[in-house]
Amino acid sequence: MIKICKSSDSYNELSKALKDNNIEFDHKKCLSKCGLCHKHPFIKKHGEFISADSVDKLIKKIKGDK
């Protein structure tokens, strides 16, 4: 299951992109990666943090990982 941080600067854009791409995810108040959280869009999947320079690039990474 993919988890996203509600405190992330890209939270709204990322949650919309995940919904638009029919990717299941869970909202978490904090994923304890504040340095990453405020720099790049990121997710946590199976204990691994995955980030990209943009939400679009992150969605492509996620979709390629399926």
# chains A, B, ... in the order shown; residues from 1 in each chain; ligands from 1

$ closest_atom_pairs --of "segment 36-61 of chain A" --to "segment 4-26 of chain A" --cutoff "8 Å" --atoms "only C-alpha atoms" --output "tab-separated table"
residue	atom	partner	partner_atom	distance
A:Cys37	CA	A:Ser8	CA	5.1
A:His38	CA	A:Asp9	CA	5.9
A:His40	CA	A:Ser10	CA	7.7
A:Pro41	CA	A:Ser10	CA	5.7
A:Phe42	CA	A:Ile4	CA	7.2
A:Ile43	CA	A:Ile4	CA	5.1
A:Lys44	CA	A:Ile4	CA	6.5
A:Val55	CA	A:Leu14	CA	5.9
A:Asp56	CA	A:Ala17	CA	7.9
A:Ile59	CA	A:Leu18	CA	7.3

$ select_by_dssp --residues "chain A" --states "alpha helix (DSSP H)" --output "JSON list (two decimals) with N, CA, C and O atoms, in the first residue's frame"
[["chain", "number", "residue", "atom", "x", "y", "z"],
["A", 11, "TYR", "N", 1.02, 17.61, -1.26],
["A", 11, "TYR", "CA", -0.05, 16.68, -0.87],
["A", 11, "TYR", "C", -1.29, 16.76, -1.77],
["A", 11, "TYR", "O", -1.76, 15.75, -2.28],
["A", 12, "ASN", "N", -1.83, 17.95, -1.98],
["A", 12, "ASN", "CA", -3.06, 18.09, -2.77],
["A", 12, "ASN", "C", -2.86, 17.63, -4.21],
["A", 12, "ASN", "O", -3.68, 16.87, -4.75],
["A", 13, "GLU", "N", -1.78, 18.06, -4.82],
["A", 13, "GLU", "CA", -1.50, 17.68, -6.21],
["A", 13, "GLU", "C", -1.24, 16.18, -6.33],
["A", 13, "GLU", "O", -1.74, 15.52, -7.24],
["A", 14, "LEU", "N", -0.50, 15.63, -5.37],
["A", 14, "LEU", "CA", -0.17, 14.21, -5.40],
["A", 14, "LEU", "C", -1.40, 13.34, -5.16],
["A", 14, "LEU", "O", -1.62, 12.37, -5.89],
["A", 15, "SER", "N", -2.22, 13.69, -4.18],
["A", 15, "SER", "CA", -3.41, 12.87, -3.91],
["A", 15, "SER", "C", -4.36, 12.90, -5.10],
["A", 15, "SER", "O", -4.94, 11.87, -5.47],
["A", 16, "LYS", "N", -4.49, 14.05, -5.77],
["A", 16, "LYS", "CA", -5.35, 14.14, -6.95],
["A", 16, "LYS", "C", -4.78, 13.28, -8.09],
["A", 16, "LYS", "O", -5.52, 12.54, -8.75],
["A", 17, "ALA", "N", -3.48, 13.34, -8.30],
["A", 17, "ALA", "CA", -2.84, 12.56, -9.37],
["A", 17, "ALA", "C", -2.99, 11.06, -9.10],
["A", 17, "ALA", "O", -3.24, 10.29, -10.03],
["A", 18, "LEU", "N", -2.84, 10.64, -7.86],
["A", 18, "LEU", "CA", -3.01, 9.23, -7.53],
["A", 18, "LEU", "C", -4.44, 8.77, -7.79],
["A", 18, "LEU", "O", -4.67, 7.72, -8.38],
["A", 19, "LYS", "N", -5.41, 9.59, -7.37],
["A", 19, "LYS", "CA", -6.82, 9.27, -7.63],
["A", 19, "LYS", "C", -7.10, 9.21, -9.13],
["A", 19, "LYS", "O", -7.76, 8.29, -9.60],
["A", 20, "ASP", "N", -6.60, 10.19, -9.86],
["A", 20, "ASP", "CA", -6.83, 10.25, -11.31],
["A", 20, "ASP", "C", -6.24, 9.04, -12.04],
["A", 20, "ASP", "O", -6.72, 8.66, -13.10],
["A", 34, "CYS", "N", 10.80, 14.81, 7.05],
["A", 34, "CYS", "CA", 10.54, 16.24, 6.85],
["A", 34, "CYS", "C", 11.45, 16.89, 5.81],
["A", 34, "CYS", "O", 11.01, 17.70, 5.01],
["A", 35, "GLY", "N", 12.73, 16.53, 5.79],
["A", 35, "GLY", "CA", 13.65, 17.10, 4.81],
["A", 35, "GLY", "C", 13.23, 16.77, 3.39],
["A", 35, "GLY", "O", 13.24, 17.61, 2.51],
["A", 36, "LEU", "N", 12.83, 15.53, 3.17],
["A", 36, "LEU", "CA", 12.36, 15.08, 1.86],
["A", 36, "LEU", "C", 11.00, 15.67, 1.56],
["A", 36, "LEU", "O", 10.72, 16.10, 0.45],
["A", 37, "CYS", "N", 10.17, 15.71, 2.55],
["A", 37, "CYS", "CA", 8.77, 16.16, 2.42],
["A", 37, "CYS", "C", 8.66, 17.58, 1.85],
["A", 37, "CYS", "O", 7.78, 17.86, 1.06],
["A", 55, "VAL", "N", 5.40, 15.77, -9.36],
["A", 55, "VAL", "CA", 4.33, 14.79, -9.15],
["A", 55, "VAL", "C", 4.20, 13.91, -10.39],
["A", 55, "VAL", "O", 4.07, 12.69, -10.28],
["A", 56, "ASP", "N", 4.26, 14.51, -11.58],
["A", 56, "ASP", "CA", 4.15, 13.73, -12.82],
["A", 56, "ASP", "C", 5.24, 12.66, -12.91],
["A", 56, "ASP", "O", 4.97, 11.51, -13.27],
["A", 57, "LYS", "N", 6.46, 13.03, -12.58],
["A", 57, "LYS", "CA", 7.57, 12.08, -12.63],
["A", 57, "LYS", "C", 7.39, 10.99, -11.57],
["A", 57, "LYS", "O", 7.73, 9.82, -11.81],
["A", 58, "LEU", "N", 6.85, 11.35, -10.42],
["A", 58, "LEU", "CA", 6.62, 10.36, -9.37],
["A", 58, "LEU", "C", 5.55, 9.37, -9.79],
["A", 58, "LEU", "O", 5.69, 8.16, -9.59],
["A", 59, "ILE", "N", 4.49, 9.85, -10.41],
["A", 59, "ILE", "CA", 3.42, 8.96, -10.89],
["A", 59, "ILE", "C", 4.00, 8.00, -11.92],
["A", 59, "ILE", "O", 3.69, 6.80, -11.91],
["A", 60, "LYS", "N", 4.84, 8.48, -12.82],
["A", 60, "LYS", "CA", 5.47, 7.60, -13.82],
["A", 60, "LYS", "C", 6.32, 6.55, -13.15],
["A", 60, "LYS", "O", 6.32, 5.39, -13.56],
["A", 61, "LYS", "N", 7.06, 6.91, -12.11],
["A", 61, "LYS", "CA", 7.87, 5.94, -11.36],
["A", 61, "LYS", "C", 6.97, 4.87, -10.73],
["A", 61, "LYS", "O", 7.29, 3.69, -10.78],
["A", 62, "ILE", "N", 5.88, 5.31, -10.13],
["A", 62, "ILE", "CA", 4.96, 4.39, -9.45],
["A", 62, "ILE", "C", 4.34, 3.43, -10.47],
["A", 62, "ILE", "O", 4.30, 2.22, -10.24],
["A", 63, "LYS", "N", 3.89, 3.98, -11.57],
["A", 63, "LYS", "CA", 3.24, 3.14, -12.60],
["A", 63, "LYS", "C", 4.23, 2.16, -13.23],
["A", 63, "LYS", "O", 3.87, 1.05, -13.56],
["A", 64, "GLY", "N", 5.48, 2.56, -13.35],
["A", 64, "GLY", "CA", 6.49, 1.68, -13.91],
["A", 64, "GLY", "C", 6.88, 0.58, -12.95],
["A", 64, "GLY", "O", 7.42, -0.44, -13.33],
["A", 65, "ASP", "N", 6.58, 0.80, -11.68],
["A", 65, "ASP", "CA", 6.93, -0.14, -10.61],
["A", 65, "ASP", "C", 5.88, -1.23, -10.44],
["A", 65, "ASP", "O", 6.11, -2.20, -9.73]]

$ atom_distance --atom1 "atom CA of His46 of chain A" --atom2 "atom CA of Lys3 of chain A"
9.0 Å

$ decode --residues "segment 25-59 of chain A" --atoms "C-alpha atoms" --output "PDB file, in the first residue's frame"
ATOM      1  CA  PHE A  25      -3.116   5.061  -1.297  1.00  0.00           C
ATOM      2  CA  ASP A  26      -3.473   5.912   2.365  1.00  0.00           C
ATOM      3  CA  HIS A  27      -3.106   9.342   3.995  1.00  0.00           C
ATOM      4  CA  LYS A  28      -0.771   9.691   6.963  1.00  0.00           C
ATOM      5  CA  LYS A  29      -0.385  12.799   9.095  1.00  0.00           C
ATOM      6  CA  CYS A  30       3.410  12.469   9.017  1.00  0.00           C
ATOM      7  CA  LEU A  31       5.871   9.974   7.533  1.00  0.00           C
ATOM      8  CA  SER A  32       8.857  11.402   9.496  1.00  0.00           C
ATOM      9  CA  LYS A  33      10.849  12.480   6.436  1.00  0.00           C
ATOM     10  CA  CYS A  34      10.539  16.244   6.845  1.00  0.00           C
ATOM     11  CA  GLY A  35      13.647  17.099   4.812  1.00  0.00           C
ATOM     12  CA  LEU A  36      12.365  15.080   1.862  1.00  0.00           C
ATOM     13  CA  CYS A  37       8.775  16.162   2.425  1.00  0.00           C
ATOM     14  CA  HIS A  38       9.486  19.837   1.827  1.00  0.00           C
ATOM     15  CA  LYS A  39      11.785  19.317  -1.182  1.00  0.00           C
ATOM     16  CA  HIS A  40      10.153  16.755  -3.475  1.00  0.00           C
ATOM     17  CA  PRO A  41       6.909  14.840  -3.909  1.00  0.00           C
ATOM     18  CA  PHE A  42       7.344  11.402  -2.331  1.00  0.00           C
ATOM     19  CA  ILE A  43       5.534   8.273  -1.229  1.00  0.00           C
ATOM     20  CA  LYS A  44       6.240   5.352   1.053  1.00  0.00           C
ATOM     21  CA  LYS A  45       5.649   1.942  -0.505  1.00  0.00           C
ATOM     22  CA  HIS A  46       6.417  -1.313   1.320  1.00  0.00           C
ATOM     23  CA  GLY A  47       8.723   0.559   3.704  1.00  0.00           C
ATOM     24  CA  GLU A  48      10.690   2.222   0.891  1.00  0.00           C
ATOM     25  CA  PHE A  49      10.602   5.959   0.214  1.00  0.00           C
ATOM     26  CA  ILE A  50      10.301   6.926  -3.455  1.00  0.00           C
ATOM     27  CA  SER A  51      10.641  10.533  -4.609  1.00  0.00           C
ATOM     28  CA  ALA A  52      10.880  12.526  -7.830  1.00  0.00           C
ATOM     29  CA  ASP A  53      11.360  16.121  -8.948  1.00  0.00           C
ATOM     30  CA  SER A  54       7.662  16.493  -9.793  1.00  0.00           C
ATOM     31  CA  VAL A  55       4.335  14.789  -9.153  1.00  0.00           C
ATOM     32  CA  ASP A  56       4.147  13.727 -12.820  1.00  0.00           C
ATOM     33  CA  LYS A  57       7.572  12.080 -12.629  1.00  0.00           C
ATOM     34  CA  LEU A  58       6.617  10.363  -9.365  1.00  0.00           C
ATOM     35  CA  ILE A  59       3.421   8.963 -10.893  1.00  0.00           C
TER      36      ILE A  59
END
